[in-house]
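Trainee: Okay, handing you the structure first.
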Amino acid sequence: MVERRDVLRLGLTGLALSVPVLSGCGRGPTRGHTLRFDTEAFEELTDTIATAGGNRSVTYRFYRAIPYVAKPVDVACQSLNISVPVAIDAVPVDASRAPILFANSVGGYLPSSTVKATGVGAGGMTGMPGMGAMPPGDPPPDAMAQVGSGGNAMISRAGRMVNNARLALAAGNVVVEPGARGRTLRNDEGIYYGVAPAAIVDLKAAVRYLRANRHKVPGNMDRIVSSGTSAGGALSALLGASADDAIYDEALAAVGAADASDAVFAAAAWCPITDLDHADMAYEWNWGDNPLATGGPVDPLESAQLAGAFAGYQASLGLHGEGVGALTAETLGPYLVESYLQPAADRYLASLPAAERATYLFTHSFIRYVDRRSGFSWADFRAHVGARRKSLPAFDAFDLSAPENNLFGLGKTKARHFTTYSLRKASGDPTAVLDADLPRTLEQMNPMPFLLEGNRARAKHWWLRVGTRDTDTSLSVLANLAAVAAARGDDVDAAMYWDAGHGANEDADDFIAWISRIADA
């Protein structure tokens, strides 16, 4: 078995450019909190929620702005909301043993807060950078093909906003929406207090709060399903993979987390921006031949160097895929085509009316379509995607301008290099080494090592999704997550959405049904 620290020695990398959004965080009172859940501190609300089965009138108890740590650094971030259904279409609901959707709203590794929310799904959903919070009620139409880099919103095939929290509540589930510290937070002394690993520490503390109050908070604490998008998807996967690992104990104690488990039953991640240690390598392996949005190429030598380094990392994982055997840099492309891309294209083409399907195939002649099965090469697929969203390096920018450089800041230092490749290129020193604290911090932010070593407390159920035209990270990230979880014997439901971009969520109702199915198994 590959050991966690062996994986970490193989390379070090990062994530993407985004525009800051208002979070609602900002220190606030830091007095001690008892961590006892007040069962009477709720307001009863009624809302109409649109679902695939029609509109549902949902009456629920809304518990707002509950601090989940005893010694908060920023109570506005380190608080959560709980929504408990009591009636759906006037029929009483007993949610005392219902599954719990633990829906984080992190995007771009920025701060998130739900304390100003007025109802379920209405707080912290900063969505696309530069946009405000998603309002309560039915999701509004949206014309964008994909969410902006760093956004945490979800978008359907029809271009409408998707809100898993509201859909889960309408299905009778308890919904918990935690806030979390983020990379841009800085105190009066100029210290960045939301950099890694603050966000995952906070989410773990929120789960521990729920479990410590298991006899007071409604819902089944053995059926917690984590969810998130983009950086939030990365954190959801990390929460599922790293449950109860001692590497977080010191940080959890520092914020006064409850003495309980932080394990979750299942983890759902849409377009997760994760495996940051190796993300620049993976990005160039996947999108290195694709032009920038300006039409120009990236530096071919640097792209080739990073893609070459990815080959060593991929081989070290020791993963296998159906039909190709060992998943290497050479076999991974064909594996993605056979296991994810062609099935995604098949589903999309089958959904089109005959005339629209014929038009699509005529204008996309690289696709062979016979007996309702598509066929194309890895090279043709990448050419079809077109421009990449990110420059080179995609995550650990040479000029320290990427959000992930900020994510791995420390103290009063806003941004740092976290891969040896970028550090040495930027400094011009071929012997430069990363700061001594970084290997441990990188370990705390990556789900892959915990899965590779078979963490026994990990989630055993995985829902993984990404759009095929999402160039915010490499498609190998999701495929490797799915492959390592499946290799450990976990239940994995992984798929891609054809021609969809960042933030795509085209089967939200299937996800809600999946929660019920695994919870009842």
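Simple scheme: letters A, B, ... for chains in structure tokens order, numbers from 1 for residues in each chain, numbers from 1 for ligands in the order shown.
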Got a sec: who's within 9 Å of Trp287 (chain A), counting only C-alpha atoms, leaving out chain neighbours fewer than 4 positions off, as JSON, numbers by chain?
Mentor: {"A": [282, 283, 291, 382, 387, 388, 471, 473, 474]}
Trainee: For the residues selected in the previous step, produce a file with N, CA, C and O atoms as a PDB file, in the first residue's frame.
Mentor:
```pdb
ATOM      1  N   ALA A 282      -1.112  17.782 -13.186  1.00  0.00           N
ATOM      2  CA  ALA A 282      -2.292  17.173 -13.797  1.00  0.00           C
ATOM      3  C   ALA A 282      -2.921  18.094 -14.834  1.00  0.00           C
ATOM      4  O   ALA A 282      -3.400  17.640 -15.877  1.00  0.00           O
ATOM      5  N   TYR A 283      -2.913  19.393 -14.552  1.00  0.00           N
ATOM      6  CA  TYR A 283      -3.526  20.352 -15.473  1.00  0.00           C
ATOM      7  C   TYR A 283      -2.800  20.353 -16.816  1.00  0.00           C
ATOM      8  O   TYR A 283      -3.435  20.348 -17.879  1.00  0.00           O
ATOM      9  N   PRO A 291      -5.197  25.987 -26.084  1.00  0.00           N
ATOM     10  CA  PRO A 291      -4.774  27.387 -26.065  1.00  0.00           C
ATOM     11  C   PRO A 291      -5.373  28.143 -24.892  1.00  0.00           C
ATOM     12  O   PRO A 291      -6.380  27.724 -24.311  1.00  0.00           O
ATOM     13  N   ARG A 382     -10.088  16.767 -26.435  1.00  0.00           N
ATOM     14  CA  ARG A 382      -9.417  17.963 -25.912  1.00  0.00           C
ATOM     15  C   ARG A 382      -9.491  19.107 -26.911  1.00  0.00           C
ATOM     16  O   ARG A 382      -9.676  20.275 -26.518  1.00  0.00           O
ATOM     17  N   ALA A 387     -10.367  26.443 -25.513  1.00  0.00           N
ATOM     18  CA  ALA A 387      -9.510  27.240 -24.630  1.00  0.00           C
ATOM     19  C   ALA A 387      -9.564  26.772 -23.180  1.00  0.00           C
ATOM     20  O   ALA A 387     -10.615  26.406 -22.665  1.00  0.00           O
ATOM     21  N   ARG A 388      -8.415  26.797 -22.553  1.00  0.00           N
ATOM     22  CA  ARG A 388      -8.295  26.511 -21.125  1.00  0.00           C
ATOM     23  C   ARG A 388      -8.561  27.789 -20.342  1.00  0.00           C
ATOM     24  O   ARG A 388      -8.249  28.893 -20.803  1.00  0.00           O
ATOM     25  N   THR A 471     -12.471  23.343 -17.313  1.00  0.00           N
ATOM     26  CA  THR A 471     -11.010  23.416 -17.316  1.00  0.00           C
ATOM     27  C   THR A 471     -10.490  24.177 -16.109  1.00  0.00           C
ATOM     28  O   THR A 471      -9.384  24.726 -16.141  1.00  0.00           O
ATOM     29  N   THR A 473      -9.777  22.577 -13.444  1.00  0.00           N
ATOM     30  CA  THR A 473      -8.749  21.641 -13.008  1.00  0.00           C
ATOM     31  C   THR A 473      -8.750  20.469 -13.981  1.00  0.00           C
ATOM     32  O   THR A 473      -9.536  20.437 -14.940  1.00  0.00           O
ATOM     33  N   SER A 474      -7.893  19.508 -13.763  1.00  0.00           N
ATOM     34  CA  SER A 474      -7.800  18.351 -14.649  1.00  0.00           C
ATOM     35  C   SER A 474      -8.935  17.367 -14.381  1.00  0.00           C
ATOM     36  O   SER A 474      -9.336  17.158 -13.224  1.00  0.00           O
TER      37      SER A 474
END
```
Trainee: Which residues are near region 340-352 of chain A? Cut-off 8 Å, only C-alpha atoms, ignore same chain within fewer than 6 positions. Put them as a VMD selection string.
Mentor: chain A and resid 372 to 376 468 495 to 498
Trainee: Please produce a file of those selected residues containing all heavy atoms, as a short mmCIF file (atom, residue, chain, number, x, y, z; two decimals), in the first residue's frame.
Mentor:
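What landed in result.cif:
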```
data_model
loop_
_atom_site.label_atom_id
_atom_site.label_comp_id
_atom_site.auth_asym_id
_atom_site.auth_seq_id
_atom_site.Cartn_x
_atom_site.Cartn_y
_atom_site.Cartn_z
N ARG A 372 -26.54 4.31 -31.06
CA ARG A 372 -26.67 5.11 -29.83
C ARG A 372 -25.42 5.09 -28.97
O ARG A 372 -25.49 5.36 -27.76
CB ARG A 372 -27.89 4.64 -29.02
CG ARG A 372 -29.21 4.77 -29.75
CD ARG A 372 -30.38 4.39 -28.88
NE ARG A 372 -31.64 4.52 -29.61
CZ ARG A 372 -32.84 4.31 -29.09
NH1 ARG A 372 -32.94 3.91 -27.82
NH2 ARG A 372 -33.93 4.45 -29.81
N ARG A 373 -24.29 4.78 -29.58
CA ARG A 373 -23.02 4.81 -28.87
C ARG A 373 -22.09 5.78 -29.58
O ARG A 373 -21.93 5.73 -30.80
CB ARG A 373 -22.37 3.41 -28.83
CG ARG A 373 -23.14 2.37 -28.02
CD ARG A 373 -23.01 2.60 -26.53
NE ARG A 373 -21.64 2.63 -26.09
CZ ARG A 373 -20.93 1.54 -25.78
NH1 ARG A 373 -21.46 0.33 -25.90
NH2 ARG A 373 -19.69 1.67 -25.35
N SER A 374 -21.47 6.64 -28.81
CA SER A 374 -20.53 7.60 -29.39
C SER A 374 -19.12 7.04 -29.37
O SER A 374 -18.79 6.15 -28.58
CB SER A 374 -20.59 8.92 -28.61
OG SER A 374 -20.21 8.72 -27.26
N GLY A 375 -18.28 7.62 -30.22
CA GLY A 375 -16.88 7.24 -30.24
C GLY A 375 -16.03 8.42 -30.67
O GLY A 375 -16.40 9.16 -31.58
N PHE A 376 -14.90 8.60 -30.00
CA PHE A 376 -13.96 9.67 -30.34
C PHE A 376 -12.67 9.43 -29.56
O PHE A 376 -12.63 8.62 -28.63
CB PHE A 376 -14.52 11.06 -30.01
CG PHE A 376 -15.16 11.18 -28.65
CD1 PHE A 376 -14.40 11.43 -27.51
CD2 PHE A 376 -16.53 11.02 -28.50
CE1 PHE A 376 -14.98 11.52 -26.26
CE2 PHE A 376 -17.13 11.11 -27.25
CZ PHE A 376 -16.36 11.37 -26.12
N THR A 468 -17.58 18.02 -18.52
CA THR A 468 -16.47 17.62 -19.39
C THR A 468 -15.71 18.82 -19.94
O THR A 468 -14.57 18.68 -20.39
CB THR A 468 -16.96 16.75 -20.56
OG1 THR A 468 -17.84 17.52 -21.39
CG2 THR A 468 -17.68 15.51 -20.06
N ALA A 495 -19.59 10.39 -12.32
CA ALA A 495 -20.01 10.63 -13.70
C ALA A 495 -19.62 12.04 -14.11
O ALA A 495 -19.30 12.89 -13.27
CB ALA A 495 -21.52 10.43 -13.85
N MET A 496 -19.64 12.26 -15.43
CA MET A 496 -19.37 13.59 -15.98
C MET A 496 -20.56 14.06 -16.81
O MET A 496 -21.34 13.25 -17.31
CB MET A 496 -18.09 13.55 -16.83
CG MET A 496 -16.84 13.21 -16.02
SD MET A 496 -15.32 13.28 -17.01
CE MET A 496 -14.11 12.74 -15.78
N TYR A 497 -20.68 15.38 -16.93
CA TYR A 497 -21.77 16.00 -17.69
C TYR A 497 -21.20 16.51 -19.02
O TYR A 497 -20.32 17.37 -19.02
CB TYR A 497 -22.38 17.17 -16.93
CG TYR A 497 -22.83 16.89 -15.51
CD1 TYR A 497 -22.29 17.60 -14.44
CD2 TYR A 497 -23.81 15.94 -15.25
CE1 TYR A 497 -22.72 17.39 -13.15
CE2 TYR A 497 -24.25 15.72 -13.94
CZ TYR A 497 -23.70 16.44 -12.90
OH TYR A 497 -24.12 16.23 -11.60
N TRP A 498 -21.73 16.01 -20.12
CA TRP A 498 -21.19 16.36 -21.42
C TRP A 498 -21.35 17.84 -21.75
O TRP A 498 -22.42 18.41 -21.58
CB TRP A 498 -21.86 15.53 -22.52
CG TRP A 498 -21.29 15.79 -23.88
CD1 TRP A 498 -21.87 16.46 -24.91
CD2 TRP A 498 -20.00 15.36 -24.34
NE1 TRP A 498 -21.03 16.49 -26.00
CE2 TRP A 498 -19.86 15.82 -25.67
CE3 TRP A 498 -18.94 14.66 -23.77
CZ2 TRP A 498 -18.71 15.59 -26.44
CZ3 TRP A 498 -17.81 14.42 -24.52
CH2 TRP A 498 -17.69 14.89 -25.83
#
```
Trainee: Extract the full set of helix (DSSP H, G or I) residues from region 66-259 of chain A according to DSSP on the backbone, and format it as JSON, numbers by chain.
Mentor: {"A": [164, 165, 166, 167, 168, 169, 170, 198, 199, 200, 201, 202, 203, 204, 205, 206, 207, 208, 209, 210, 211, 212, 231, 232, 233, 234, 235, 236, 237, 238, 239, 240, 241, 246, 247, 248, 249, 250, 251, 252, 253, 254]}
Trainee: Using only C-alpha atoms, which of the listed residues (A:Ser316, A:Asn173, A:Ser236, A:Ser79) sits closest to Pro67 (chain A)?
Mentor: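 Nearest to Pro67 (chain A): A:Ser79.
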Trainee: Do you have the CA of Leu451 (chain A)-CA of Val147 (chain A) distance handy?
Mentor: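 Between CA of Leu451 (chain A) and CA of Val147 (chain A) the gap works out to 28.7 Å.
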Trainee: Of the candidates A:Asp47, A:Asp299, A:Glu506, A:Asp89, which shows the shortest atom-to-atom distance to Thr118 (chain A), using only C-alpha atoms?
Mentor: A:Asp47
Trainee: Any idea what's packed within 8 Å of Gly503 (chain A), counting only C-alpha atoms, ignoring anything in its chain fewer than 5 positions away? Could you give it as a ChimeraX atom specification?
Mentor: /A:146-147,151-155,229-230,270-271,466-467
Trainee: Convert the current residue selection to file output with N, CA and C atoms, as an mmCIF file, in the first residue's frame.
Mentor:
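That gives us again.cif:
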```cif
data_model
loop_
_atom_site.group_PDB
_atom_site.id
_atom_site.type_symbol
_atom_site.label_atom_id
_atom_site.label_comp_id
_atom_site.auth_asym_id
_atom_site.auth_seq_id
_atom_site.Cartn_x
_atom_site.Cartn_y
_atom_site.Cartn_z
ATOM 1 N N GLN A 146 -21.358 28.462 -17.440
ATOM 2 C CA GLN A 146 -20.688 27.868 -16.295
ATOM 3 C C GLN A 146 -20.442 28.928 -15.225
ATOM 4 N N VAL A 147 -20.226 28.456 -14.026
ATOM 5 C CA VAL A 147 -19.947 29.335 -12.904
ATOM 6 C C VAL A 147 -18.522 29.868 -13.031
ATOM 7 N N GLY A 151 -16.333 30.319 -7.888
ATOM 8 C CA GLY A 151 -17.720 30.355 -7.440
ATOM 9 C C GLY A 151 -18.151 29.027 -6.864
ATOM 10 N N ASN A 152 -19.159 29.062 -5.994
ATOM 11 C CA ASN A 152 -19.622 27.824 -5.370
ATOM 12 C C ASN A 152 -21.042 27.468 -5.787
ATOM 13 N N ALA A 153 -21.611 28.205 -6.744
ATOM 14 C CA ALA A 153 -22.973 27.931 -7.178
ATOM 15 C C ALA A 153 -23.008 26.698 -8.075
ATOM 16 N N MET A 154 -24.223 26.198 -8.308
ATOM 17 C CA MET A 154 -24.427 25.080 -9.216
ATOM 18 C C MET A 154 -25.424 25.503 -10.280
ATOM 19 N N ILE A 155 -25.248 24.948 -11.471
ATOM 20 C CA ILE A 155 -26.100 25.325 -12.587
ATOM 21 C C ILE A 155 -26.567 24.078 -13.324
ATOM 22 N N THR A 229 -19.164 22.296 -3.679
ATOM 23 C CA THR A 229 -18.830 22.546 -5.080
ATOM 24 C C THR A 229 -17.496 23.277 -5.186
ATOM 25 N N SER A 230 -16.699 22.920 -6.177
ATOM 26 C CA SER A 230 -15.419 23.574 -6.439
ATOM 27 C C SER A 230 -14.498 23.394 -5.224
ATOM 28 N N TRP A 270 -18.824 18.135 -6.276
ATOM 29 C CA TRP A 270 -18.952 18.583 -7.648
ATOM 30 C C TRP A 270 -17.699 19.389 -8.012
ATOM 31 N N CYS A 271 -17.118 19.072 -9.143
ATOM 32 C CA CYS A 271 -15.912 19.736 -9.671
ATOM 33 C C CYS A 271 -14.908 20.082 -8.573
ATOM 34 N N VAL A 466 -18.468 16.165 -12.455
ATOM 35 C CA VAL A 466 -17.769 17.293 -13.069
ATOM 36 C C VAL A 466 -18.239 17.422 -14.511
ATOM 37 N N GLY A 467 -18.202 18.629 -15.038
ATOM 38 C CA GLY A 467 -18.525 18.848 -16.439
ATOM 39 C C GLY A 467 -17.330 18.540 -17.320
#
```
Trainee: Which residue, A:Gly411, A:Arg157, A:Gly219, A:Arg97, has the smallest gap to Ser83 (chain A) when you use only C-alpha atoms?
Mentor: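 Checking each of A:Gly411, A:Arg157, A:Gly219, A:Arg97 against Ser83 (chain A), counting only C-alpha atoms, the winner is A:Gly219.
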Trainee: Using only C-alpha atoms, which residues sit within 9 Å of Ala383 (chain A) once same-chain residues fewer than 4 positions away are excluded, as a ChimeraX atom specification?
Mentor: /A:289-290,378-379,387
Trainee: Hey, can you spit out that residue selection with C-alpha atoms as a CSV table (one decimal), in the first residue's frame?
Mentor:
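What follows is the written file result.csv:
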```csv
chain,number,residue,atom,x,y,z
A,289,ASP,CA,-2.1,21.4,-25.6
A,290,ASN,CA,-5.2,23.7,-25.3
A,378,TRP,CA,-8.8,11.6,-26.3
A,379,ALA,CA,-7.0,14.1,-28.6
A,387,ALA,CA,-9.5,27.2,-24.6
```
Trainee: In Å, how far is it from CA of His461 (chain A) to CA of Leu235 (chain A)?
Mentor: 15.5 Å
Trainee: Which residue gives the smallest distance to Leu452 (chain A) among A:Ala267, A:Leu80, A:Asn480, A:Pro218, with only C-alpha atoms counted?
Mentor: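 Counting only C-alpha atoms, the residue closest to Leu452 (chain A) is A:Asn480.
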Trainee: Would you mind listing what lies within 8 Å of Leu292 (chain A) as JSON, numbers by chain, with only C-alpha atoms counted and same-chain residues fewer than 5 positions away left out?
Mentor: {"A": [297, 298, 387, 388, 389, 390, 391]}
Trainee: Output N, CA and C atoms of each residue in that selection to a file, as an mmCIF file, in the first residue's frame.
Mentor:
```cif
data_model
loop_
_atom_site.group_PDB
_atom_site.id
_atom_site.type_symbol
_atom_site.label_atom_id
_atom_site.label_comp_id
_atom_site.auth_asym_id
_atom_site.auth_seq_id
_atom_site.Cartn_x
_atom_site.Cartn_y
_atom_site.Cartn_z
ATOM 1 N N PRO A 297 -0.597 30.030 -26.937
ATOM 2 C CA PRO A 297 -0.260 28.844 -26.147
ATOM 3 C C PRO A 297 0.457 29.229 -24.858
ATOM 4 N N VAL A 298 0.538 28.286 -23.937
ATOM 5 C CA VAL A 298 1.404 28.462 -22.777
ATOM 6 C C VAL A 298 2.821 28.054 -23.184
ATOM 7 N N ALA A 387 -10.367 26.443 -25.513
ATOM 8 C CA ALA A 387 -9.510 27.240 -24.630
ATOM 9 C C ALA A 387 -9.564 26.772 -23.180
ATOM 10 N N ARG A 388 -8.415 26.797 -22.553
ATOM 11 C CA ARG A 388 -8.295 26.511 -21.125
ATOM 12 C C ARG A 388 -8.561 27.789 -20.342
ATOM 13 N N ARG A 389 -9.092 27.645 -19.138
ATOM 14 C CA ARG A 389 -9.405 28.817 -18.328
ATOM 15 C C ARG A 389 -8.197 29.359 -17.574
ATOM 16 N N LYS A 390 -7.186 28.543 -17.401
ATOM 17 C CA LYS A 390 -6.081 28.937 -16.532
ATOM 18 C C LYS A 390 -4.756 28.971 -17.273
ATOM 19 N N SER A 391 -3.890 29.833 -16.776
ATOM 20 C CA SER A 391 -2.570 29.978 -17.370
ATOM 21 C C SER A 391 -1.642 28.918 -16.791
#
```
Trainee: Please identify the strand (DSSP E) residues within region 46-295 of chain A (assignment by DSSP from backbone atoms) and present them as number ranges by chain.
Mentor: A: 46-51, 54-67, 79-88, 91-92, 100-103, 154-155, 161-162, 174-178, 224-229, 266-270
Trainee: Contacts of Phe418 (chain A) at 10 Å or less, counting only C-alpha atoms, minus same-chain residues fewer than 5 places along, as a short mmCIF file (atom, residue, chain, number, x, y, z; two decimals) with all heavy atoms, in the first residue's frame?
Mentor:
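New file around24.cif:
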```cif
data_model
loop_
_atom_site.label_atom_id
_atom_site.label_comp_id
_atom_site.auth_asym_id
_atom_site.auth_seq_id
_atom_site.Cartn_x
_atom_site.Cartn_y
_atom_site.Cartn_z
N GLY A 11 5.52 15.30 -5.26
CA GLY A 11 5.28 16.56 -5.93
C GLY A 11 4.41 17.46 -5.09
O GLY A 11 3.71 17.00 -4.22
N LEU A 12 4.45 18.76 -5.36
CA LEU A 12 3.72 19.73 -4.56
C LEU A 12 3.16 20.82 -5.46
O LEU A 12 3.89 21.44 -6.20
CB LEU A 12 4.66 20.35 -3.52
CG LEU A 12 5.30 19.35 -2.55
CD1 LEU A 12 6.45 20.02 -1.81
CD2 LEU A 12 4.28 18.83 -1.57
N THR A 13 1.79 21.06 -5.38
CA THR A 13 1.16 22.04 -6.29
C THR A 13 -0.06 22.83 -5.74
O THR A 13 -0.31 22.79 -4.59
CB THR A 13 0.75 21.35 -7.61
OG1 THR A 13 1.50 20.19 -7.79
CG2 THR A 13 0.99 22.27 -8.77
N GLY A 14 -1.01 23.50 -6.58
CA GLY A 14 -2.10 24.38 -6.14
C GLY A 14 -3.37 24.65 -6.94
O GLY A 14 -3.78 23.82 -7.64
N LEU A 276 -4.11 19.40 -4.59
CA LEU A 276 -3.38 20.61 -4.97
C LEU A 276 -1.87 20.36 -5.08
O LEU A 276 -1.18 21.05 -5.83
CB LEU A 276 -3.64 21.72 -3.95
CG LEU A 276 -5.11 22.15 -3.82
CD1 LEU A 276 -5.24 23.25 -2.78
CD2 LEU A 276 -5.66 22.59 -5.16
N ASP A 277 -1.37 19.37 -4.37
CA ASP A 277 0.05 19.02 -4.44
C ASP A 277 0.48 18.73 -5.88
O ASP A 277 1.63 18.97 -6.26
CB ASP A 277 0.36 17.77 -3.62
CG ASP A 277 -0.26 17.76 -2.25
OD1 ASP A 277 -1.33 18.34 -2.07
OD2 ASP A 277 0.33 17.14 -1.35
N PHE A 395 -2.10 26.77 -10.75
CA PHE A 395 -2.41 26.87 -9.33
C PHE A 395 -1.32 27.56 -8.51
O PHE A 395 -1.59 28.49 -7.78
CB PHE A 395 -2.70 25.47 -8.77
CG PHE A 395 -3.84 24.80 -9.46
CD1 PHE A 395 -3.62 23.93 -10.51
CD2 PHE A 395 -5.15 25.06 -9.09
CE1 PHE A 395 -4.67 23.32 -11.18
CE2 PHE A 395 -6.21 24.47 -9.76
CZ PHE A 395 -5.98 23.60 -10.80
N ASP A 396 -0.11 27.11 -8.60
CA ASP A 396 1.00 27.74 -7.87
C ASP A 396 1.67 28.75 -8.80
O ASP A 396 2.71 28.46 -9.40
CB ASP A 396 1.98 26.69 -7.37
CG ASP A 396 3.04 27.27 -6.43
OD1 ASP A 396 3.03 28.50 -6.22
OD2 ASP A 396 3.86 26.50 -5.92
N ALA A 397 1.06 29.93 -8.92
CA ALA A 397 1.53 30.93 -9.89
C ALA A 397 2.93 31.40 -9.56
O ALA A 397 3.28 31.60 -8.39
CB ALA A 397 0.57 32.12 -9.91
N LEU A 400 2.86 34.41 -7.45
CA LEU A 400 2.09 34.26 -6.20
C LEU A 400 0.70 34.88 -6.29
O LEU A 400 0.10 35.22 -5.27
CB LEU A 400 2.84 34.88 -5.01
CG LEU A 400 4.19 34.25 -4.65
CD1 LEU A 400 4.86 35.04 -3.52
CD2 LEU A 400 4.01 32.80 -4.22
N GLU A 404 -4.61 29.87 -4.53
CA GLU A 404 -3.98 28.83 -3.73
C GLU A 404 -2.67 29.28 -3.10
O GLU A 404 -2.27 28.76 -2.06
CB GLU A 404 -3.77 27.57 -4.59
CG GLU A 404 -5.07 26.91 -5.01
CD GLU A 404 -5.89 27.77 -5.94
OE1 GLU A 404 -5.32 28.50 -6.79
OE2 GLU A 404 -7.13 27.72 -5.82
N ASN A 405 -2.00 30.23 -3.74
CA ASN A 405 -0.83 30.82 -3.09
C ASN A 405 -1.24 31.48 -1.78
O ASN A 405 -0.56 31.37 -0.76
CB ASN A 405 -0.15 31.84 -4.01
CG ASN A 405 0.44 31.24 -5.25
OD1 ASN A 405 0.05 31.56 -6.36
ND2 ASN A 405 1.40 30.33 -5.08
N LEU A 407 -3.99 30.63 -0.13
CA LEU A 407 -4.46 29.54 0.74
C LEU A 407 -3.33 28.99 1.61
O LEU A 407 -3.55 28.64 2.77
CB LEU A 407 -5.04 28.41 -0.12
CG LEU A 407 -5.49 27.15 0.61
CD1 LEU A 407 -6.68 27.44 1.53
CD2 LEU A 407 -5.85 26.05 -0.39
N PHE A 408 -2.13 28.95 1.06
CA PHE A 408 -0.99 28.41 1.81
C PHE A 408 -0.10 29.51 2.39
O PHE A 408 1.08 29.29 2.67
CB PHE A 408 -0.19 27.46 0.92
CG PHE A 408 -0.95 26.20 0.61
CD1 PHE A 408 -1.53 26.01 -0.63
CD2 PHE A 408 -1.13 25.23 1.58
CE1 PHE A 408 -2.25 24.86 -0.91
CE2 PHE A 408 -1.86 24.08 1.32
CZ PHE A 408 -2.42 23.89 0.06
N GLY A 409 -0.69 30.69 2.58
CA GLY A 409 0.00 31.75 3.29
C GLY A 409 0.22 31.35 4.75
O GLY A 409 -0.30 30.34 5.23
N LEU A 423 8.44 27.20 -6.92
CA LEU A 423 9.39 27.89 -6.05
C LEU A 423 10.74 28.05 -6.75
O LEU A 423 11.33 29.15 -6.74
CB LEU A 423 9.56 27.10 -4.75
CG LEU A 423 10.65 27.60 -3.79
CD1 LEU A 423 10.31 29.01 -3.28
CD2 LEU A 423 10.82 26.63 -2.62
N VAL A 433 14.04 24.97 -1.30
CA VAL A 433 13.13 23.99 -0.69
C VAL A 433 11.96 24.72 -0.07
O VAL A 433 12.06 25.88 0.32
CB VAL A 433 13.85 23.15 0.39
CG1 VAL A 433 14.94 22.30 -0.24
CG2 VAL A 433 14.42 24.03 1.48
N LEU A 434 10.85 24.03 0.01
CA LEU A 434 9.64 24.61 0.57
C LEU A 434 9.80 24.88 2.06
O LEU A 434 10.60 24.22 2.74
CB LEU A 434 8.46 23.67 0.36
CG LEU A 434 8.05 23.40 -1.09
CD1 LEU A 434 6.98 22.31 -1.13
CD2 LEU A 434 7.54 24.68 -1.75
N ASP A 435 9.03 25.83 2.58
CA ASP A 435 9.04 26.09 4.02
C ASP A 435 8.71 24.81 4.78
O ASP A 435 7.89 23.99 4.33
CB ASP A 435 8.02 27.18 4.35
CG ASP A 435 8.47 28.55 3.84
OD1 ASP A 435 9.64 28.70 3.46
OD2 ASP A 435 7.62 29.47 3.82
N LEU A 438 5.08 23.34 5.29
CA LEU A 438 4.18 23.08 4.17
C LEU A 438 3.85 21.61 3.92
O LEU A 438 2.69 21.30 3.61
CB LEU A 438 4.72 23.73 2.90
CG LEU A 438 4.38 25.22 2.76
CD1 LEU A 438 5.15 25.85 1.62
CD2 LEU A 438 2.88 25.40 2.56
N PRO A 439 4.78 20.68 4.01
CA PRO A 439 4.39 19.29 3.78
C PRO A 439 3.23 18.83 4.66
O PRO A 439 2.31 18.16 4.18
CB PRO A 439 5.68 18.51 4.07
CG PRO A 439 6.76 19.47 3.71
CD PRO A 439 6.24 20.81 4.16
N THR A 441 0.93 20.80 6.10
CA THR A 441 -0.27 21.54 5.72
C THR A 441 -0.86 20.98 4.43
O THR A 441 -2.09 20.83 4.30
CB THR A 441 0.04 23.03 5.55
OG1 THR A 441 0.63 23.52 6.76
CG2 THR A 441 -1.22 23.83 5.27
N LEU A 442 -0.02 20.68 3.47
CA LEU A 442 -0.49 20.08 2.23
C LEU A 442 -1.17 18.73 2.49
O LEU A 442 -2.19 18.39 1.88
CB LEU A 442 0.67 19.91 1.26
CG LEU A 442 1.17 21.20 0.61
CD1 LEU A 442 2.57 21.02 0.07
CD2 LEU A 442 0.21 21.63 -0.51
#
```
Trainee: Separation of CA of Val120 (chain A) and CA of Val106 (chain A), in Å?
Mentor: 15.9 Å
